[in-house]
Amino acid sequence: MLIDSWMIAVLIAMTLCGAMGGAGLKAYATSRKKLHVLMGLGFYGAGALLNIGLLKFLPLTVVLPANALTYVWTLIIARFAFKEAVGPLRWIGVACIMGGLCLLVF
């Protein structure tokens, strides 16, 4: 099955929305600003809608496992936005996820 470039872009956007949703809720947990919780829920909702849209064009066996990219975005956001420590084993995990996604999508 050939996956068009726009589908890959939407997969990336879907997973980024999921990670940004989690980041919004993390920000709310520390700041208690309603804007953060609204942003978090909005990103989660946008990611869910993109997920539903992709399922019209791609099989579930591609869309659902591709959600693993959310973990990669989450790690990057945690490291740079929240200044969390990320050890070498987690970066190795990211490499494994990316390798698996390449096998799955391409």
# chains A, B, ... in the order shown; residues from 1 in each chain; ligands from 1
>>> closest_atom_pairs(of="region 11-39 of chain A", to="region 81-99 of chain A", cutoff="10 Å", atoms="only C-alpha atoms", output="Markdown table")
| residue | atom | partner | partner_atom | distance |
| --- | --- | --- | --- | --- |
| A:Ala23 | CA | A:Ala81 | CA | 8.7 |
| A:Lys26 | CA | A:Phe82 | CA | 9.0 |
| A:Ala27 | CA | A:Phe82 | CA | 8.6 |
>>> residues_around(residues="Asp4 (chain A)", least_positions_apart="4", cutoff="12 Å", atoms="only C-alpha atoms", output="number ranges by chain")
A: 8-11, 54, 57-58, 105-106
>>> residues_around(residues="Leu16 (chain A)", least_positions_apart="6", cutoff="12 Å", atoms="only C-alpha atoms", output="PyMOL selection string")
chain A and resi 9-10+22-23+40+43-48+50-51+66-77
>>> residues_around(residues="His36 (chain A)", least_positions_apart="5", cutoff="7 Å", atoms="only C-alpha atoms", output="VMD selection string")
chain A and resid 24 to 25 27 to 28
>>> atom_distance(atom1="CA of Val62 (chain A)", atom2="CA of Ala78 (chain A)")
25.9 Å
>>> atom_distance(atom1="CA of Leu101 (chain A)", atom2="CA of Met39 (chain A)")
27.5 Å
>>> select_by_dssp(residues="chain A", states="alpha helix (DSSP H)", output="ChimeraX atom specification")
/A:5-31,34-54,60-66,69-80,88-105
>>> atom_distance(atom1="CA of Cys17 (chain A)", atom2="CA of Leu55 (chain A)")
16.4 Å
>>> closest_residue(among="A:Leu104, A:Ala13, A:Leu2, A:Lys33", to="Thr61 (chain A)", atoms="only C-alpha atoms")
A:Leu104
